[in-house]
$ cat data33.cif   # mmCIF, N, CA and C atoms
data_start
loop_
_atom_site.label_atom_id
_atom_site.label_comp_id
_atom_site.auth_asym_id
_atom_site.auth_seq_id
_atom_site.Cartn_x
_atom_site.Cartn_y
_atom_site.Cartn_z
N MET A 1 137.55 125.97 117.67
CA MET A 1 136.16 126.20 117.32
C MET A 1 135.31 125.11 117.97
N TYR A 2 134.04 125.44 118.22
CA TYR A 2 133.12 124.42 118.72
C TYR A 2 131.77 124.56 118.01
N VAL A 3 131.02 123.48 117.99
CA VAL A 3 129.65 123.51 117.45
C VAL A 3 128.72 122.95 118.51
N GLU A 4 127.52 123.46 118.55
CA GLU A 4 126.50 122.94 119.47
C GLU A 4 125.73 121.86 118.72
N SER A 5 125.93 120.62 119.13
CA SER A 5 125.37 119.49 118.40
C SER A 5 123.85 119.55 118.30
N GLY A 6 123.18 119.93 119.37
CA GLY A 6 121.71 120.00 119.34
C GLY A 6 121.21 120.98 118.30
N LYS A 7 121.80 122.18 118.30
CA LYS A 7 121.38 123.20 117.33
C LYS A 7 121.76 122.81 115.91
N LEU A 8 122.92 122.19 115.78
CA LEU A 8 123.38 121.77 114.46
C LEU A 8 122.41 120.75 113.87
N LEU A 9 122.05 119.75 114.66
CA LEU A 9 121.14 118.72 114.16
C LEU A 9 119.74 119.26 113.94
N GLU A 10 119.29 120.14 114.84
CA GLU A 10 117.96 120.74 114.70
C GLU A 10 117.80 121.46 113.39
N GLY A 11 118.82 122.19 113.00
CA GLY A 11 118.75 123.00 111.79
C GLY A 11 119.15 122.27 110.52
N TYR A 12 119.67 121.08 110.66
CA TYR A 12 120.18 120.34 109.50
C TYR A 12 119.02 119.76 108.69
N GLN A 13 118.96 120.10 107.41
CA GLN A 13 117.86 119.65 106.56
C GLN A 13 117.80 118.12 106.48
N GLY A 14 118.95 117.47 106.51
CA GLY A 14 118.98 116.01 106.47
C GLY A 14 118.26 115.41 107.66
N MET A 15 118.39 116.04 108.84
CA MET A 15 117.70 115.56 110.04
C MET A 15 116.20 115.81 109.92
N LYS A 16 115.84 116.97 109.40
CA LYS A 16 114.42 117.28 109.22
C LYS A 16 113.77 116.27 108.28
N ASP A 17 114.45 115.97 107.17
CA ASP A 17 113.92 115.00 106.21
C ASP A 17 113.83 113.61 106.84
N ALA A 18 114.85 113.25 107.59
CA ALA A 18 114.87 111.94 108.24
C ALA A 18 113.74 111.83 109.26
N ARG A 19 113.49 112.89 110.01
CA ARG A 19 112.39 112.87 110.99
C ARG A 19 111.04 112.72 110.30
N ARG A 20 110.88 113.45 109.19
CA ARG A 20 109.62 113.34 108.43
C ARG A 20 109.42 111.91 107.95
N SER A 21 110.46 111.32 107.44
CA SER A 21 110.39 109.94 106.96
C SER A 21 110.07 108.99 108.09
N PHE A 22 110.73 109.18 109.23
CA PHE A 22 110.49 108.32 110.39
C PHE A 22 109.06 108.47 110.90
N GLU A 23 108.57 109.71 110.95
CA GLU A 23 107.21 109.95 111.44
C GLU A 23 106.17 109.29 110.54
N ALA A 24 106.41 109.28 109.23
CA ALA A 24 105.49 108.60 108.30
C ALA A 24 105.48 107.10 108.59
N LYS A 25 106.67 106.53 108.81
CA LYS A 25 106.75 105.11 109.15
C LYS A 25 106.09 104.83 110.50
N ALA A 26 106.30 105.73 111.45
CA ALA A 26 105.73 105.56 112.79
C ALA A 26 104.20 105.54 112.73
N LYS A 27 103.62 106.33 111.85
CA LYS A 27 102.16 106.31 111.70
C LYS A 27 101.70 104.94 111.20
N GLY A 28 102.46 104.36 110.29
CA GLY A 28 102.13 103.02 109.80
C GLY A 28 102.23 101.99 110.92
N TRP A 29 103.26 102.10 111.74
CA TRP A 29 103.42 101.16 112.86
C TRP A 29 102.30 101.34 113.87
N GLU A 30 101.89 102.59 114.08
CA GLU A 30 100.78 102.86 115.00
C GLU A 30 99.49 102.23 114.47
N ARG A 31 99.28 102.32 113.16
CA ARG A 31 98.09 101.69 112.56
C ARG A 31 98.13 100.18 112.76
N GLN A 32 99.31 99.58 112.60
CA GLN A 32 99.44 98.14 112.82
C GLN A 32 99.10 97.78 114.27
N ASN A 33 99.64 98.55 115.20
CA ASN A 33 99.35 98.31 116.62
C ASN A 33 97.85 98.45 116.90
N GLN A 34 97.26 99.49 116.35
CA GLN A 34 95.83 99.73 116.58
C GLN A 34 95.00 98.59 115.99
N ALA A 35 95.39 98.08 114.84
CA ALA A 35 94.67 96.96 114.22
C ALA A 35 94.73 95.72 115.11
N LEU A 36 95.89 95.48 115.73
CA LEU A 36 96.03 94.34 116.64
C LEU A 36 95.11 94.49 117.84
N VAL A 37 95.07 95.69 118.41
CA VAL A 37 94.23 95.95 119.58
C VAL A 37 92.75 95.82 119.21
N THR A 38 92.37 96.39 118.09
CA THR A 38 90.98 96.35 117.64
C THR A 38 90.54 94.91 117.38
N SER A 39 91.39 94.14 116.74
CA SER A 39 91.07 92.74 116.45
C SER A 39 90.86 91.95 117.73
N PHE A 40 91.74 92.16 118.70
CA PHE A 40 91.61 91.43 119.96
C PHE A 40 90.34 91.85 120.71
N ARG A 41 90.06 93.14 120.74
CA ARG A 41 88.84 93.62 121.41
C ARG A 41 87.59 93.03 120.77
N ALA A 42 87.59 92.97 119.44
CA ALA A 42 86.44 92.41 118.73
C ALA A 42 86.27 90.93 119.09
N ALA A 43 87.38 90.21 119.19
CA ALA A 43 87.32 88.79 119.56
C ALA A 43 86.78 88.62 120.98
N VAL A 44 87.20 89.49 121.89
CA VAL A 44 86.72 89.42 123.28
C VAL A 44 85.22 89.72 123.33
N GLU A 45 84.80 90.75 122.61
CA GLU A 45 83.38 91.10 122.59
C GLU A 45 82.53 89.97 122.01
N ALA A 46 83.01 89.35 120.95
CA ALA A 46 82.28 88.23 120.34
C ALA A 46 82.19 87.08 121.34
N TYR A 47 83.27 86.81 122.03
CA TYR A 47 83.26 85.74 123.04
C TYR A 47 82.25 86.05 124.14
N GLN A 48 82.26 87.30 124.62
CA GLN A 48 81.36 87.68 125.71
C GLN A 48 79.89 87.51 125.31
N LYS A 49 79.58 87.77 124.05
CA LYS A 49 78.21 87.61 123.58
C LYS A 49 77.83 86.13 123.47
N GLN A 50 78.79 85.31 123.06
CA GLN A 50 78.51 83.90 122.83
C GLN A 50 78.67 83.04 124.08
N ALA A 51 79.41 83.50 125.06
CA ALA A 51 79.75 82.71 126.24
C ALA A 51 78.53 82.14 126.98
N PRO A 52 77.45 82.91 127.17
CA PRO A 52 76.31 82.36 127.92
C PRO A 52 75.71 81.09 127.29
N GLY A 53 75.78 80.96 125.99
CA GLY A 53 75.21 79.80 125.32
C GLY A 53 76.21 78.66 125.09
N MET A 54 77.41 78.81 125.59
CA MET A 54 78.46 77.80 125.38
C MET A 54 78.52 76.83 126.54
N THR A 55 79.01 75.64 126.23
CA THR A 55 79.29 74.68 127.29
C THR A 55 80.59 75.10 127.98
N ALA A 56 80.86 74.50 129.11
CA ALA A 56 82.11 74.80 129.84
C ALA A 56 83.32 74.49 128.97
N GLU A 57 83.25 73.40 128.22
CA GLU A 57 84.38 73.04 127.35
C GLU A 57 84.56 74.05 126.22
N GLN A 58 83.45 74.51 125.65
CA GLN A 58 83.53 75.50 124.57
C GLN A 58 84.09 76.83 125.09
N ARG A 59 83.65 77.21 126.30
CA ARG A 59 84.19 78.44 126.90
C ARG A 59 85.69 78.32 127.14
N ALA A 60 86.11 77.17 127.68
CA ALA A 60 87.54 76.96 127.95
C ALA A 60 88.35 77.03 126.66
N ALA A 61 87.83 76.42 125.61
CA ALA A 61 88.54 76.44 124.32
C ALA A 61 88.60 77.86 123.76
N ALA A 62 87.48 78.61 123.86
CA ALA A 62 87.44 79.98 123.36
C ALA A 62 88.39 80.87 124.16
N GLU A 63 88.42 80.68 125.47
CA GLU A 63 89.31 81.48 126.32
C GLU A 63 90.78 81.17 126.01
N GLU A 64 91.06 79.92 125.75
CA GLU A 64 92.43 79.53 125.38
C GLU A 64 92.83 80.19 124.07
N LYS A 65 91.89 80.22 123.13
CA LYS A 65 92.15 80.86 121.84
C LYS A 65 92.38 82.36 122.03
N LEU A 66 91.59 82.99 122.88
CA LEU A 66 91.76 84.42 123.16
C LEU A 66 93.12 84.69 123.80
N GLN A 67 93.50 83.82 124.70
CA GLN A 67 94.80 83.98 125.37
C GLN A 67 95.94 83.88 124.35
N ALA A 68 95.81 82.92 123.43
CA ALA A 68 96.84 82.77 122.39
C ALA A 68 96.87 84.01 121.50
N GLN A 69 95.69 84.53 121.16
CA GLN A 69 95.63 85.73 120.33
C GLN A 69 96.26 86.92 121.05
N GLN A 70 96.00 87.03 122.34
CA GLN A 70 96.56 88.13 123.13
C GLN A 70 98.09 88.02 123.16
N GLN A 71 98.60 86.83 123.35
CA GLN A 71 100.06 86.64 123.36
C GLN A 71 100.66 86.97 122.01
N GLU A 72 100.02 86.51 120.95
CA GLU A 72 100.52 86.78 119.60
C GLU A 72 100.49 88.29 119.33
N SER A 73 99.43 88.97 119.74
CA SER A 73 99.34 90.42 119.56
C SER A 73 100.47 91.11 120.32
N GLY A 74 100.72 90.67 121.55
CA GLY A 74 101.80 91.24 122.35
C GLY A 74 103.15 91.06 121.69
N MET A 75 103.39 89.88 121.12
CA MET A 75 104.67 89.64 120.44
C MET A 75 104.79 90.51 119.20
N GLN A 76 103.68 90.68 118.47
CA GLN A 76 103.71 91.53 117.27
C GLN A 76 103.96 92.99 117.66
N GLN A 77 103.35 93.42 118.75
CA GLN A 77 103.57 94.80 119.20
C GLN A 77 105.01 95.02 119.63
N GLU A 78 105.59 94.04 120.30
CA GLU A 78 107.01 94.14 120.69
C GLU A 78 107.90 94.18 119.46
N LYS A 79 107.56 93.38 118.46
CA LYS A 79 108.34 93.35 117.21
C LYS A 79 108.28 94.72 116.53
N ILE A 80 107.09 95.31 116.50
CA ILE A 80 106.92 96.64 115.89
C ILE A 80 107.73 97.68 116.67
N ALA A 81 107.70 97.60 117.99
CA ALA A 81 108.45 98.55 118.82
C ALA A 81 109.95 98.41 118.58
N ARG A 82 110.44 97.16 118.49
CA ARG A 82 111.87 96.93 118.20
C ARG A 82 112.23 97.49 116.83
N GLN A 83 111.36 97.25 115.86
CA GLN A 83 111.60 97.74 114.51
C GLN A 83 111.69 99.27 114.51
N ALA A 84 110.81 99.91 115.26
CA ALA A 84 110.83 101.38 115.35
C ALA A 84 112.13 101.86 115.98
N GLN A 85 112.56 101.21 117.06
CA GLN A 85 113.81 101.61 117.72
C GLN A 85 115.00 101.42 116.80
N GLU A 86 115.03 100.29 116.10
CA GLU A 86 116.15 100.01 115.19
C GLU A 86 116.17 101.02 114.05
N GLU A 87 115.00 101.32 113.52
CA GLU A 87 114.90 102.28 112.42
C GLU A 87 115.35 103.67 112.86
N GLU A 88 114.93 104.07 114.06
CA GLU A 88 115.32 105.39 114.58
C GLU A 88 116.83 105.45 114.81
N ALA A 89 117.39 104.39 115.36
CA ALA A 89 118.84 104.36 115.60
C ALA A 89 119.61 104.42 114.28
N LYS A 90 119.14 103.67 113.29
CA LYS A 90 119.79 103.65 111.98
C LYS A 90 119.70 105.03 111.33
N LEU A 91 118.54 105.63 111.42
CA LEU A 91 118.31 106.95 110.84
C LEU A 91 119.23 107.98 111.50
N THR A 92 119.28 107.96 112.83
CA THR A 92 120.13 108.90 113.57
C THR A 92 121.59 108.69 113.21
N GLN A 93 122.02 107.44 113.13
CA GLN A 93 123.41 107.15 112.78
C GLN A 93 123.74 107.67 111.39
N THR A 94 122.84 107.48 110.45
CA THR A 94 123.06 107.95 109.08
C THR A 94 123.20 109.47 109.05
N VAL A 95 122.33 110.16 109.76
CA VAL A 95 122.39 111.63 109.80
C VAL A 95 123.68 112.09 110.47
N LEU A 96 124.04 111.45 111.59
CA LEU A 96 125.28 111.84 112.29
C LEU A 96 126.51 111.63 111.42
N GLU A 97 126.54 110.54 110.67
CA GLU A 97 127.67 110.30 109.77
C GLU A 97 127.75 111.40 108.72
N SER A 98 126.61 111.81 108.20
CA SER A 98 126.57 112.88 107.21
C SER A 98 127.06 114.19 107.81
N VAL A 99 126.57 114.51 109.01
CA VAL A 99 126.99 115.74 109.70
C VAL A 99 128.49 115.70 109.99
N ASN A 100 128.98 114.56 110.46
CA ASN A 100 130.41 114.44 110.76
C ASN A 100 131.26 114.70 109.53
N LYS A 101 130.83 114.18 108.38
CA LYS A 101 131.57 114.40 107.13
C LYS A 101 131.57 115.88 106.76
N LYS A 102 130.43 116.54 106.96
CA LYS A 102 130.35 117.96 106.63
C LYS A 102 131.21 118.79 107.59
N VAL A 103 131.22 118.45 108.87
CA VAL A 103 132.05 119.16 109.85
C VAL A 103 133.52 118.96 109.50
N GLU A 104 133.88 117.73 109.16
CA GLU A 104 135.27 117.45 108.77
C GLU A 104 135.66 118.26 107.54
N ALA A 105 134.79 118.28 106.53
CA ALA A 105 135.08 119.05 105.31
C ALA A 105 135.20 120.54 105.63
N TYR A 106 134.34 121.04 106.50
CA TYR A 106 134.38 122.44 106.90
C TYR A 106 135.69 122.74 107.62
N GLY A 107 136.08 121.85 108.53
CA GLY A 107 137.32 122.04 109.28
C GLY A 107 138.53 122.08 108.36
N LYS A 108 138.57 121.15 107.41
CA LYS A 108 139.69 121.12 106.46
C LYS A 108 139.71 122.35 105.58
N ALA A 109 138.53 122.73 105.07
CA ALA A 109 138.44 123.87 104.15
C ALA A 109 138.82 125.19 104.82
N ASN A 110 138.58 125.28 106.13
CA ASN A 110 138.85 126.53 106.83
C ASN A 110 140.10 126.48 107.70
N GLY A 111 140.87 125.42 107.59
CA GLY A 111 142.15 125.33 108.28
C GLY A 111 142.07 125.13 109.78
N TYR A 112 140.97 124.64 110.29
CA TYR A 112 140.86 124.40 111.73
C TYR A 112 141.67 123.18 112.13
N LYS A 113 142.29 123.26 113.30
CA LYS A 113 143.02 122.11 113.82
C LYS A 113 142.09 121.22 114.66
N LEU A 114 141.06 121.84 115.24
CA LEU A 114 140.19 121.10 116.15
C LEU A 114 138.80 121.74 116.16
N ILE A 115 137.78 120.91 116.10
CA ILE A 115 136.40 121.37 116.27
C ILE A 115 135.79 120.48 117.35
N LEU A 116 135.27 121.14 118.39
CA LEU A 116 134.68 120.42 119.51
C LEU A 116 133.16 120.47 119.44
N ILE A 117 132.53 119.47 120.04
CA ILE A 117 131.08 119.46 120.18
C ILE A 117 130.76 120.04 121.56
N ALA A 118 129.93 121.06 121.58
CA ALA A 118 129.51 121.66 122.85
C ALA A 118 128.38 120.81 123.41
N ALA A 119 128.76 119.80 124.17
CA ALA A 119 127.80 118.86 124.77
C ALA A 119 128.42 118.37 126.07
N PRO A 120 127.63 117.75 126.93
CA PRO A 120 128.19 117.24 128.20
C PRO A 120 129.39 116.31 127.99
N SER A 121 129.39 115.59 126.86
CA SER A 121 130.51 114.66 126.61
C SER A 121 131.74 115.37 126.10
N GLY A 122 131.58 116.58 125.54
CA GLY A 122 132.73 117.33 125.04
C GLY A 122 133.50 116.59 123.95
N THR A 123 132.80 115.96 123.07
CA THR A 123 133.40 115.14 122.02
C THR A 123 134.13 115.99 121.00
N ILE A 124 135.16 115.42 120.42
CA ILE A 124 135.89 116.07 119.34
C ILE A 124 135.17 115.71 118.04
N ALA A 125 134.75 116.73 117.29
CA ALA A 125 134.04 116.51 116.03
C ALA A 125 135.03 116.39 114.88
N TYR A 126 136.14 117.10 115.00
CA TYR A 126 137.15 117.07 113.95
C TYR A 126 138.48 117.44 114.56
N GLY A 127 139.50 116.76 114.11
CA GLY A 127 140.85 117.11 114.55
C GLY A 127 141.86 116.69 113.51
N ARG A 128 142.89 117.54 113.34
CA ARG A 128 143.97 117.19 112.41
C ARG A 128 145.07 116.49 113.16
#
$ encode --input "data33.cif" --output "C-alpha coordinates"
Amino acid sequence: MYVESGKLLEGYQGMKDARRSFEAKAKGWERQNQALVTSFRAAVEAYQKQAPGMTAEQRAAAEEKLQAQQQESGMQQEKIARQAQEEEAKLTQTVLESVNKKVEAYGKANGYKLILIAAPSGTIAYGR
(Lines of atoms letter the chains of each structure in order from A and count residues from 1; the text may use other names and numbers.)
(Lines give C-alpha, C1' and ligand atoms only; values in the text may rest on other atoms or scores of the structure.)
Protein backbone atom coordinates (compact mmCIF):
# COMPACT_ATOMS: atom_id res chain seq x y z
CA MET A 1 0.00 0.00 0.00
CA TYR A 2 1.09 3.61 -0.46
CA VAL A 3 -0.13 7.01 0.69
CA GLU A 4 0.36 10.36 -0.98
CA SER A 5 1.95 12.49 1.72
CA GLY A 6 0.86 15.83 0.25
CA LYS A 7 -2.80 14.82 0.03
CA LEU A 8 -2.67 13.13 3.41
CA LEU A 9 -1.33 16.23 5.14
CA GLU A 10 -3.62 18.57 3.19
CA GLY A 11 -6.70 16.74 4.36
CA TYR A 12 -5.52 16.06 7.90
CA GLN A 13 -7.48 18.14 10.43
CA GLY A 14 -4.42 18.33 12.70
CA MET A 15 -2.49 20.07 9.91
CA LYS A 16 -5.36 22.45 9.22
CA ASP A 17 -5.55 23.36 12.91
CA ALA A 18 -1.77 23.75 13.11
CA ARG A 19 -1.76 26.05 10.06
CA ARG A 20 -4.50 28.19 11.56
CA SER A 21 -2.54 28.47 14.79
CA PHE A 22 0.66 29.32 12.93
CA GLU A 23 -1.09 31.94 10.77
CA ALA A 24 -2.45 33.65 13.90
CA LYS A 25 1.08 33.77 15.34
CA ALA A 26 2.46 34.97 12.00
CA LYS A 27 0.06 37.92 12.06
CA GLY A 28 1.43 38.87 15.47
CA TRP A 29 5.00 38.64 14.18
CA GLU A 30 4.06 40.75 11.18
CA ARG A 31 2.62 43.40 13.52
CA GLN A 32 5.88 43.38 15.49
CA ASN A 33 7.89 43.83 12.28
CA GLN A 34 5.60 46.62 11.12
CA ALA A 35 5.93 48.39 14.48
CA LEU A 36 9.73 48.28 14.16
CA VAL A 37 9.59 49.73 10.64
CA THR A 38 7.08 52.42 11.63
CA SER A 39 9.12 53.43 14.66
CA PHE A 40 12.29 53.77 12.60
CA ARG A 41 10.53 55.76 9.86
CA ALA A 42 9.09 58.12 12.47
CA ALA A 43 12.57 58.63 13.95
CA VAL A 44 14.01 59.38 10.49
CA GLU A 45 11.22 61.85 9.72
CA ALA A 46 11.72 63.61 13.06
CA TYR A 47 15.45 63.85 12.38
CA GLN A 48 14.87 65.25 8.90
CA LYS A 49 12.63 67.97 10.32
CA GLN A 50 15.08 68.89 13.08
CA ALA A 51 18.34 68.52 11.11
CA PRO A 52 18.38 72.02 9.55
CA GLY A 53 18.44 73.64 13.01
CA MET A 54 21.07 71.30 14.46
CA THR A 55 24.79 71.81 14.77
CA ALA A 56 27.11 69.42 12.95
CA GLU A 57 27.78 67.62 16.24
CA GLN A 58 24.07 67.27 17.00
CA ARG A 59 23.42 65.90 13.50
CA ALA A 60 26.27 63.40 13.87
CA ALA A 61 24.93 62.25 17.24
CA ALA A 62 21.37 61.95 15.88
CA GLU A 63 22.57 60.02 12.83
CA GLU A 64 24.56 57.67 15.05
CA LYS A 65 21.45 57.09 17.15
CA LEU A 66 19.41 56.38 14.01
CA GLN A 67 22.03 53.94 12.80
CA ALA A 68 21.94 52.12 16.14
CA GLN A 69 18.13 52.01 16.00
CA GLN A 70 18.26 50.63 12.46
CA GLN A 71 20.70 47.90 13.51
CA GLU A 72 18.60 47.01 16.55
CA SER A 73 15.46 46.85 14.38
CA GLY A 74 17.27 44.59 11.92
CA MET A 75 18.36 42.25 14.71
CA GLN A 76 14.81 42.15 16.10
CA GLN A 77 13.42 41.37 12.65
CA GLU A 78 15.94 38.55 12.21
CA LYS A 79 15.00 37.20 15.64
CA ILE A 80 11.31 37.25 14.69
CA ALA A 81 12.07 35.49 11.39
CA ARG A 82 14.09 32.79 13.19
CA GLN A 83 11.29 32.36 15.71
CA ALA A 84 8.79 31.92 12.87
CA GLN A 85 10.99 29.32 11.14
CA GLU A 86 11.53 27.41 14.38
CA GLU A 87 7.84 27.49 15.21
CA GLU A 88 6.88 26.28 11.73
CA ALA A 89 9.44 23.45 11.87
CA LYS A 90 8.23 22.41 15.33
CA LEU A 91 4.62 22.54 14.22
CA THR A 92 5.32 20.47 11.09
CA GLN A 93 7.31 17.93 13.10
CA THR A 94 4.48 17.57 15.62
CA VAL A 95 1.91 17.02 12.86
CA LEU A 96 4.16 14.52 11.04
CA GLU A 97 4.69 12.54 14.24
CA SER A 98 0.93 12.40 14.74
CA VAL A 99 0.35 11.30 11.13
CA ASN A 100 3.09 8.67 11.38
CA LYS A 101 1.45 7.20 14.50
CA LYS A 102 -1.90 7.07 12.74
CA VAL A 103 -0.39 5.43 9.63
CA GLU A 104 1.37 2.89 11.84
CA ALA A 105 -1.86 2.14 13.73
CA TYR A 106 -3.73 1.80 10.43
CA GLY A 107 -1.07 -0.54 9.05
CA LYS A 108 -1.17 -2.75 12.14
CA ALA A 109 -4.98 -2.78 12.31
CA ASN A 110 -5.30 -3.77 8.66
CA GLY A 111 -2.45 -6.28 8.54
CA TYR A 112 -0.23 -4.39 6.11
CA LYS A 113 3.41 -5.38 5.95
CA LEU A 114 4.52 -2.14 4.31
CA ILE A 115 3.10 1.32 3.64
CA LEU A 116 5.07 3.61 1.34
CA ILE A 117 4.94 7.37 0.93
CA ALA A 118 4.27 8.37 -2.67
CA ALA A 119 6.88 11.13 -2.83
CA PRO A 120 10.18 11.70 -4.66
CA SER A 121 11.99 10.25 -1.63
CA GLY A 122 9.86 7.09 -1.63
CA THR A 123 10.01 6.88 2.15
CA ILE A 124 8.63 3.94 4.09
CA ALA A 125 5.79 5.16 6.33
CA TYR A 126 5.25 1.83 8.06
CA GLY A 127 6.82 -1.56 7.96
CA ARG A 128 6.61 -4.74 10.01
$ atom_distance --input "data33.cif" --atom1 "CA of Ala84 in chain A" --atom2 "atom N of Glu30 in chain A"
9.1 Å
$ closest_residue --input "data33.cif" --among "A:Val99, A:Ala68, A:Ile80, A:Glu104" --to "Asn33 in chain A" --atoms "all atoms listed in the file"
A:Ile80
$ atom_distance --input "data33.cif" --atom1 "atom C of Tyr106 in chain A" --atom2 "atom N of Lys90 in chain A"
25.9 Å
$ atom_distance --input "data33.cif" --atom1 "atom C of Trp29 in chain A" --atom2 "atom N of Glu78 in chain A"
10.3 Å
$ resolve_selection --input "data33.cif" --expression "the PyMOL selection byres (((chain A and resi 24-26 and name CA) around 10) and name CA)" --output "PyMOL selection string"
chain A and resi 18-23+27-32+80-81+83-84+87-88
$ residues_around --input "data33.cif" --residues "Tyr47 in chain A" --least-positions-apart "6" --cutoff "8 Å" --atoms "all atoms listed in the file" --output "list in words"
Arg41, Ala62 and Glu63 of chain A
$ closest_residue --input "data33.cif" --among "A:Ile117, A:Gln70, A:Gly53, A:Met15" --to "Leu96 in chain A" --atoms "all atoms listed in the file"
A:Met15
$ select_by_dssp --input "data33.cif" --residues "chain A" --states "helix (DSSP H, G or I)" --output "MDAnalysis selection string"
chainID A and resid 5:11 13:53 56:109
